[in-house]
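Asker: Handing over model_13.cif, mmCIF, C-alpha atoms.
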```cif
data_structure
loop_
_atom_site.label_atom_id
_atom_site.label_comp_id
_atom_site.auth_asym_id
_atom_site.auth_seq_id
_atom_site.Cartn_x
_atom_site.Cartn_y
_atom_site.Cartn_z
CA MET A 1 -1.06 -0.35 -38.23
CA LYS A 2 0.74 -0.33 -34.90
CA PHE A 3 -0.48 1.79 -32.01
CA LEU A 4 2.00 4.47 -30.94
CA ASP A 5 1.03 6.95 -28.25
CA GLN A 6 4.35 8.73 -27.65
CA ALA A 7 7.04 10.15 -29.92
CA LYS A 8 10.02 12.47 -29.56
CA ILE A 9 10.67 14.72 -32.55
CA TYR A 10 12.90 17.62 -33.59
CA VAL A 11 11.29 20.68 -35.15
CA ARG A 12 12.91 23.76 -36.68
CA SER A 13 11.39 26.81 -38.33
CA GLY A 14 12.98 28.27 -41.46
CA ASP A 15 15.70 30.91 -41.51
CA GLY A 16 14.89 34.28 -43.05
CA GLY A 17 16.37 35.05 -46.44
CA ALA A 18 19.23 37.54 -46.73
CA GLY A 19 18.66 41.02 -48.10
CA CYS A 20 20.23 41.99 -51.42
CA LEU A 21 22.94 44.58 -52.06
CA SER A 22 22.29 45.91 -55.54
CA PHE A 23 22.32 49.15 -57.58
CA ARG A 24 20.47 50.15 -60.71
CA ARG A 25 22.62 49.79 -63.77
CA GLU A 26 20.27 50.78 -66.61
CA LYS A 27 21.65 52.77 -69.51
CA PHE A 28 21.08 56.53 -69.42
CA ILE A 29 20.26 56.48 -65.69
CA GLU A 30 23.22 58.32 -64.23
CA PHE A 31 22.38 57.97 -60.53
CA GLY A 32 20.32 54.83 -60.31
CA GLY A 33 20.65 54.33 -56.57
CA PRO A 34 20.16 51.16 -54.52
CA ASP A 35 17.51 48.63 -55.52
CA GLY A 36 18.30 45.59 -53.35
CA GLY A 37 15.12 43.85 -52.14
CA ASP A 38 14.39 42.36 -48.73
CA GLY A 39 14.74 38.66 -47.95
CA GLY A 40 11.70 36.45 -47.48
CA ARG A 41 10.41 35.19 -44.14
CA GLY A 42 11.26 31.65 -43.06
CA GLY A 43 8.56 29.00 -42.85
CA ASP A 44 6.66 28.38 -39.62
CA VAL A 45 6.03 25.11 -37.78
CA TRP A 46 2.34 24.42 -37.15
CA ILE A 47 0.65 21.64 -35.19
CA GLU A 48 -2.86 20.76 -36.31
CA CYS A 49 -5.44 18.40 -34.82
CA VAL A 50 -7.12 16.46 -37.64
CA ASP A 51 -9.80 13.81 -38.00
CA GLY A 52 -9.05 10.26 -39.10
CA LEU A 53 -5.96 9.66 -36.94
CA ASN A 54 -5.83 7.62 -33.75
CA THR A 55 -2.11 7.01 -33.33
CA LEU A 56 1.25 8.80 -33.65
CA ILE A 57 2.71 6.13 -35.93
CA ASP A 58 3.56 8.81 -38.53
CA TYR A 59 6.31 10.03 -36.21
CA ARG A 60 7.85 6.61 -35.65
CA PHE A 61 10.13 6.64 -38.71
CA GLN A 62 10.58 10.37 -39.23
CA GLN A 63 11.70 12.45 -36.28
CA HIS A 64 13.09 15.61 -37.94
CA PHE A 65 10.84 18.29 -39.39
CA LYS A 66 12.31 21.49 -40.82
CA ALA A 67 10.50 24.37 -42.49
CA LYS A 68 12.00 25.94 -45.63
CA LYS A 69 14.23 29.00 -45.64
CA GLY A 70 13.00 32.31 -46.96
CA GLY A 71 14.10 33.36 -50.45
CA TYR A 72 16.95 35.81 -50.94
CA GLY A 73 16.21 39.39 -51.92
CA MET A 74 17.13 40.40 -55.49
CA GLY A 75 17.84 43.47 -57.53
CA LYS A 76 15.13 45.69 -58.99
CA ASN A 77 13.58 45.82 -55.48
CA ARG A 78 12.42 42.21 -55.69
CA ALA A 79 11.70 40.64 -52.32
CA GLY A 80 12.36 36.99 -51.57
CA GLY A 81 9.48 34.55 -51.21
CA LYS A 82 8.31 33.14 -47.87
CA GLY A 83 9.56 29.68 -47.00
CA ASP A 84 7.10 26.78 -46.96
CA ASP A 85 5.57 25.93 -43.59
CA VAL A 86 5.64 22.53 -41.91
CA VAL A 87 2.31 21.24 -40.57
CA LEU A 88 2.41 18.37 -38.07
CA LYS A 89 -0.91 16.53 -38.12
CA VAL A 90 -1.87 14.82 -34.86
CA PRO A 91 -4.99 13.02 -33.56
CA ALA A 92 -7.37 14.56 -31.06
CA GLY A 93 -6.10 14.27 -27.49
CA THR A 94 -2.44 14.93 -28.27
CA GLU A 95 -0.31 16.82 -25.77
CA VAL A 96 2.86 18.69 -26.75
CA LEU A 97 5.52 18.60 -24.04
CA ASP A 98 9.01 20.05 -23.68
CA GLU A 99 12.16 17.99 -24.15
CA GLU A 100 12.15 16.82 -20.52
CA GLY A 101 8.62 15.49 -20.98
CA GLU A 102 7.22 17.31 -17.94
CA THR A 103 5.89 20.72 -19.00
CA VAL A 104 2.77 20.70 -21.20
CA ILE A 105 3.15 23.33 -23.93
CA ALA A 106 -0.13 22.68 -25.78
CA ASP A 107 -3.08 20.33 -25.51
CA LEU A 108 -5.03 19.62 -28.70
CA THR A 109 -8.37 18.08 -27.80
CA GLU A 110 -10.67 19.12 -30.66
CA VAL A 111 -10.46 18.50 -34.39
CA GLY A 112 -9.62 21.73 -36.19
CA GLN A 113 -7.38 23.19 -33.50
CA LYS A 114 -4.20 24.60 -35.00
CA ILE A 115 -1.32 26.41 -33.32
CA ARG A 116 1.81 28.07 -34.66
CA PHE A 117 4.42 26.32 -32.60
CA LEU A 118 7.62 27.89 -33.98
CA LYS A 119 7.84 31.18 -35.86
CA GLY A 120 10.06 31.51 -38.91
CA GLY A 121 12.92 34.01 -38.94
CA ASN A 122 12.40 37.47 -40.43
CA GLY A 123 14.01 38.23 -43.76
CA GLY A 124 16.95 40.63 -43.89
CA PHE A 125 16.64 44.16 -45.28
CA GLY A 126 18.13 44.93 -48.67
CA ASN A 127 20.28 48.01 -49.21
CA ALA A 128 17.30 49.94 -50.60
CA HIS A 129 15.89 49.94 -47.08
CA PHE A 130 18.87 51.88 -45.74
CA GLN A 131 18.79 54.72 -48.25
CA THR A 132 18.49 58.13 -46.59
CA SER A 133 19.03 61.75 -47.59
CA THR A 134 22.55 61.61 -46.22
CA ASN A 135 23.35 58.09 -47.42
CA GLN A 136 22.23 57.82 -51.03
CA ALA A 137 24.23 54.71 -51.84
CA PRO A 138 24.23 52.37 -48.81
CA ARG A 139 26.47 49.35 -49.18
CA ARG A 140 24.96 47.16 -46.52
CA ALA A 141 22.28 44.49 -46.37
CA ASN A 142 21.10 42.40 -43.45
CA PRO A 143 21.27 38.61 -43.26
CA GLY A 144 18.01 36.88 -42.36
CA GLN A 145 17.21 35.91 -38.79
CA GLU A 146 17.72 32.31 -37.80
CA GLY A 147 14.70 30.12 -37.16
CA GLU A 148 13.79 28.50 -33.85
CA GLU A 149 14.53 24.88 -33.04
CA ARG A 150 13.75 22.45 -30.22
CA TRP A 151 13.06 18.83 -29.32
CA ILE A 152 9.54 18.06 -28.15
CA TRP A 153 7.45 15.09 -27.06
CA LEU A 154 4.08 14.25 -28.58
CA ARG A 155 1.94 12.24 -26.20
CA LEU A 156 -1.48 10.88 -27.12
CA LYS A 157 -4.21 10.51 -24.53
CA LEU A 158 -7.29 8.88 -25.98
CA ILE A 159 -10.49 10.89 -25.60
CA ALA A 160 -13.23 8.66 -24.20
CA ASP A 161 -16.23 9.18 -21.92
CA ALA A 162 -15.77 5.96 -19.95
CA GLY A 163 -12.77 3.74 -19.26
CA LEU A 164 -12.38 0.07 -18.32
CA VAL A 165 -9.90 -0.84 -15.59
CA GLY A 166 -8.99 -4.08 -13.90
CA LEU A 167 -6.41 -6.85 -13.71
CA PRO A 168 -5.46 -8.78 -16.84
CA ASN A 169 -8.12 -11.29 -17.92
CA ALA A 170 -10.87 -9.48 -16.01
CA GLY A 171 -13.05 -9.48 -19.11
CA LYS A 172 -12.45 -5.91 -20.28
CA SER A 173 -11.87 -6.76 -23.95
CA THR A 174 -14.84 -9.13 -23.93
CA PHE A 175 -17.02 -6.37 -22.49
CA LEU A 176 -15.80 -3.91 -25.14
CA ALA A 177 -16.50 -6.41 -27.94
CA ALA A 178 -19.96 -7.22 -26.55
CA THR A 179 -21.07 -3.58 -26.26
CA THR A 180 -19.42 -1.94 -29.28
CA ALA A 181 -18.37 -2.73 -32.84
CA ALA A 182 -14.71 -2.87 -31.78
CA LYS A 183 -12.91 -6.16 -32.38
CA PRO A 184 -10.19 -6.59 -29.74
CA LYS A 185 -8.32 -9.87 -29.51
CA ILE A 186 -10.25 -12.42 -27.43
CA ALA A 187 -9.29 -16.05 -26.87
CA ASP A 188 -9.87 -18.96 -24.49
CA TYR A 189 -6.38 -18.70 -22.97
CA PRO A 190 -5.05 -16.04 -20.56
CA PHE A 191 -3.25 -13.02 -22.02
CA THR A 192 -3.39 -9.26 -21.65
CA THR A 193 -4.30 -6.49 -24.05
CA LEU A 194 -1.19 -4.65 -25.24
CA HIS A 195 -2.75 -1.62 -26.93
CA PRO A 196 -5.70 0.57 -25.89
CA GLY A 197 -8.94 0.18 -27.80
CA LEU A 198 -11.95 2.44 -28.38
CA GLY A 199 -15.56 1.68 -29.16
CA VAL A 200 -18.85 3.59 -29.38
CA VAL A 201 -21.58 2.35 -27.06
CA ARG A 202 -25.26 2.88 -27.86
CA VAL A 203 -27.79 2.49 -25.06
CA ASP A 204 -31.33 3.92 -24.75
CA GLY A 205 -30.78 6.20 -27.73
CA ARG A 206 -27.59 7.69 -26.29
CA GLU A 207 -23.98 7.23 -27.34
CA PHE A 208 -20.67 7.46 -25.55
CA VAL A 209 -17.10 6.33 -26.20
CA LEU A 210 -15.66 3.47 -24.16
CA ALA A 211 -11.91 2.87 -23.78
CA ASP A 212 -10.21 -0.42 -22.95
CA ILE A 213 -6.61 -0.28 -21.68
CA PRO A 214 -4.08 -2.99 -20.82
CA GLY A 215 -4.61 -4.65 -17.46
CA LEU A 216 -2.83 -3.52 -14.32
CA ILE A 217 -0.88 -5.83 -12.06
CA GLU A 218 0.65 -5.31 -8.65
CA GLY A 219 3.79 -3.18 -8.95
CA ALA A 220 2.81 -1.64 -12.29
CA HIS A 221 3.81 1.81 -10.98
CA GLU A 222 7.36 0.46 -10.63
CA GLY A 223 7.42 -0.86 -14.20
CA VAL A 224 6.32 -4.42 -13.48
CA GLY A 225 4.73 -6.00 -16.54
CA ILE A 226 4.06 -3.31 -19.14
CA GLY A 227 3.85 -0.65 -16.43
CA ASP A 228 1.11 1.91 -15.90
CA ARG A 229 1.88 4.32 -18.75
CA PHE A 230 -1.35 3.38 -20.52
CA LEU A 231 -3.36 4.84 -17.65
CA ALA A 232 -2.85 8.19 -19.38
CA HIS A 233 -5.54 7.11 -21.86
CA ILE A 234 -8.25 7.20 -19.20
CA GLU A 235 -7.22 10.49 -17.60
CA ARG A 236 -9.84 12.30 -19.71
CA CYS A 237 -12.64 9.82 -18.93
CA ARG A 238 -15.66 11.00 -16.96
CA VAL A 239 -16.27 7.63 -15.26
CA LEU A 240 -14.44 4.33 -14.75
CA LEU A 241 -15.93 0.84 -14.93
CA HIS A 242 -13.85 -1.37 -12.63
CA LEU A 243 -14.23 -5.01 -13.66
CA VAL A 244 -13.23 -7.60 -11.05
CA ASP A 245 -12.80 -11.20 -12.18
CA GLY A 246 -15.34 -13.34 -10.36
CA THR A 247 -13.18 -16.42 -10.83
CA SER A 248 -10.25 -14.85 -8.97
CA GLU A 249 -9.23 -16.21 -5.58
CA HIS A 250 -10.49 -13.20 -3.60
CA ALA A 251 -12.51 -10.46 -5.33
CA GLY A 252 -11.90 -7.95 -2.52
CA LYS A 253 -8.11 -8.27 -2.67
CA THR A 254 -8.20 -8.07 -6.47
CA TYR A 255 -10.16 -4.81 -6.27
CA LYS A 256 -7.74 -3.29 -3.74
CA THR A 257 -4.72 -4.18 -5.91
CA VAL A 258 -6.03 -2.14 -8.84
CA ARG A 259 -7.18 0.75 -6.63
CA LYS A 260 -3.71 0.97 -5.10
CA GLU A 261 -2.11 1.25 -8.54
CA LEU A 262 -4.57 3.99 -9.54
CA GLU A 263 -3.73 5.97 -6.39
CA LEU A 264 0.02 5.59 -6.92
CA TYR A 265 -0.33 6.75 -10.53
CA GLY A 266 -2.19 9.90 -9.48
CA ALA A 267 -3.46 12.37 -12.12
CA GLY A 268 -6.85 12.37 -10.39
CA LEU A 269 -7.78 8.81 -11.39
CA GLU A 270 -8.46 7.80 -7.80
CA ASP A 271 -11.07 10.57 -7.50
CA LYS A 272 -13.03 9.79 -10.66
CA PRO A 273 -16.54 8.34 -10.36
CA GLU A 274 -16.31 4.56 -10.35
CA ILE A 275 -18.74 1.76 -11.04
CA VAL A 276 -17.65 -1.60 -9.62
CA ALA A 277 -18.79 -4.81 -11.31
CA LEU A 278 -18.09 -8.49 -10.75
CA SER A 279 -17.47 -10.05 -14.16
CA LYS A 280 -17.66 -13.65 -15.43
CA ALA A 281 -20.72 -14.34 -13.29
CA ASP A 282 -21.68 -17.21 -15.61
CA ALA A 283 -18.62 -19.17 -14.45
CA LEU A 284 -19.68 -19.16 -10.77
CA ASP A 285 -22.20 -21.28 -8.91
CA PRO A 286 -24.70 -19.44 -6.65
CA ASP A 287 -22.67 -19.96 -3.45
CA GLN A 288 -19.42 -18.75 -5.02
CA LEU A 289 -21.19 -15.78 -6.55
CA LYS A 290 -22.71 -14.75 -3.24
CA GLN A 291 -19.34 -15.06 -1.48
CA GLN A 292 -17.43 -13.03 -4.10
CA VAL A 293 -20.09 -10.30 -4.17
CA ALA A 294 -19.88 -9.98 -0.37
CA ARG A 295 -16.07 -9.76 -0.48
CA LEU A 296 -16.14 -7.16 -3.23
CA GLN A 297 -18.80 -5.10 -1.45
CA ARG A 298 -16.72 -4.96 1.74
CA ALA A 299 -13.62 -3.86 -0.19
CA ALA A 300 -15.35 -1.28 -2.41
CA ARG A 301 -17.81 -0.10 0.27
CA LYS A 302 -20.57 -0.10 -2.30
CA LYS A 303 -22.83 -2.73 -3.82
CA PRO A 304 -21.21 -4.07 -7.01
CA LEU A 305 -22.99 -4.92 -10.23
CA VAL A 306 -22.95 -8.53 -11.38
CA LEU A 307 -22.44 -9.13 -15.08
CA SER A 308 -21.30 -11.55 -17.72
CA ALA A 309 -20.24 -10.13 -21.06
CA SER A 310 -20.42 -13.53 -22.76
CA THR A 311 -24.08 -14.13 -21.81
CA GLY A 312 -25.17 -10.48 -21.63
CA GLU A 313 -26.24 -10.68 -17.98
CA GLY A 314 -26.10 -7.26 -16.31
CA VAL A 315 -24.43 -5.59 -19.29
CA THR A 316 -27.30 -3.22 -20.07
CA GLN A 317 -27.56 -2.24 -16.42
CA ALA A 318 -23.84 -1.36 -16.37
CA LEU A 319 -24.13 0.68 -19.56
CA ARG A 320 -27.09 2.62 -18.21
CA ALA A 321 -25.18 3.40 -15.02
CA LEU A 322 -22.25 4.67 -17.08
CA ALA A 323 -24.50 6.76 -19.33
CA HIS A 324 -26.21 8.33 -16.32
CA ILE A 325 -22.94 9.54 -14.80
CA ILE A 326 -21.67 10.74 -18.20
CA ASP A 327 -24.86 12.75 -18.79
CA GLU A 328 -24.55 14.36 -15.36
CA SER A 329 -20.92 15.26 -16.01
CA ARG A 330 -21.73 16.73 -19.42
CA GLY A 331 -24.52 18.80 -17.89
CA GLU A 332 -22.15 20.20 -15.29
CA ASP A 333 -19.61 21.12 -17.98
CA GLU A 334 -22.26 22.89 -20.07
CA ALA A 335 -23.53 24.82 -17.05
CA GLN A 336 -19.98 25.89 -16.22
CA GLU A 337 -19.37 27.05 -19.79
CA VAL A 338 -22.56 29.13 -19.73
CA GLN A 339 -21.60 30.64 -16.40
CA GLU A 340 -18.12 31.54 -17.64
CA ALA A 341 -19.50 33.04 -20.86
CA TRP A 342 -22.13 35.15 -19.06
CA ARG A 343 -21.22 38.73 -18.36
CA PRO A 344 -23.38 41.25 -16.41
#
```
Reformat the file's structure so that it appears as structure tokens.
Answerer:
Amino acid sequence: MKFLDQAKIYVRSGDGGAGCLSFRREKFIEFGGPDGGDGGRGGDVWIECVDGLNTLIDYRFQQHFKAKKGGYGMGKNRAGGKGDDVVLKVPAGTEVLDEEGETVIADLTEVGQKIRFLKGGNGGFGNAHFQTSTNQAPRRANPGQEGEERWIWLRLKLIADAGLVGLPNAGKSTFLAATTAAKPKIADYPFTTLHPGLGVVRVDGREFVLADIPGLIEGAHEGVGIGDRFLAHIERCRVLLHLVDGTSEHAGKTYKTVRKELELYGAGLEDKPEIVALSKADALDPDQLKQQVARLQRAARKKPLVLSASTGEGVTQALRALAHIIDESRGEDEAQEVQEAWRP
């Protein structure tokens, strides 16, 4: 199954059914009067967040979704039936945006959330509705109201507690594979991840979700390489683990390149808590390791961790540091929720 995190679709709610113009025609009933029923209501368009989905691939080959029209009213005061609804099922973390792709209309972050996005048209009144003391035989019936329609964007932002950032071949996929049950592509030749990946990390009896995104290169904000669009998948993360390739020419410059792209992307990524780590330590001799750590410490203005995902060196220490920041962030969120819910 291919990963798809953005889709443009057309949605339309159902038209209301027309009211009926009818009169009683039974034998021996001299003045039967009007008996035209009302039209049925058009179907609604709902968007529901469900479990078991992690991509928007369902909207790759079908872009038009239309709810059914309401049934027509009939004689003998029979009302038309309501049109069938359309339910768009999306994974957790999906944003609904307007046609321009700028204004966020809804943000579905929890499984079970369901919103009525478009309301179906009301059914028209039949002629029985217009009967009055001065108009015993009305010869009018209303057509149903038209449904609503619009183009929208669905944009998926993966929900993870921690995110991995760095240049291509910094060891992000190797770290994800070493700490979770995820199986990203790993090989002994240089290439970059093309699709984000998720994995559940377990450390010291605690669990959190770790996200791996494609690597950033200089100029990604201008569309160089595969661009920086995938950074949206770490916007919801509580902490970032910045992996810097120890075998690179200059660890400090490598770190600054990625930080610059994060700042140019915006969305608060540059302000998120960050843990800096020098990866691939097993490929360096002691002198090279000492030199790269010093360069990285000057650039990041903090002491970096040293790790090797292939040998396991420093991995547990990095996971514990991530878990500590995540626990603190969760505690702050819970305290804020309690404070907002409290009323004197």
Asker: Find the spatial neighbours of segment 280-285 of chain A, counting all atoms listed in the file, within a cut-off of 12 Å - ignore same-chain residues fewer than 6 positions away - and output them as number ranges by chain.
Answerer: A: 169-172, 174-175, 243-248, 251, 291-293, 305-315
Asker: With the PyMOL selection byres ((chain A and resi 274) around 8) as the selection, what would be picked from this file? Answer as an NGL selection string, please.
Answerer: :A and (239-242 or 272-273 or 275-276)
Asker: Rank A:Lys157, A:Lys253, A:Arg116, A:Lys302 by their smallest atom-to-atom distance to Ile213 of chain A, using all atoms listed in the file, and report the top residue only.
Answerer: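 Looking only at the distances to Ile213 of chain A, the closest residue turns out to be A:Lys157.
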Asker: Restricting the calculation to all atoms listed in the file: of A:Gly215, A:Gly112, A:Gly331, A:Gly37, which residue gets closest to Gly75 of chain A?
Answerer: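 That would be A:Gly37, the residue with the smallest distance to Gly75 of chain A.
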Asker: Determine the residue set returned by the PyMOL selection byres ((chain A and resi 123) around 6) for the present structure, and present it as a PyMOL selection string.
Answerer: chain A and resi 16-17+39-41+122+124+144
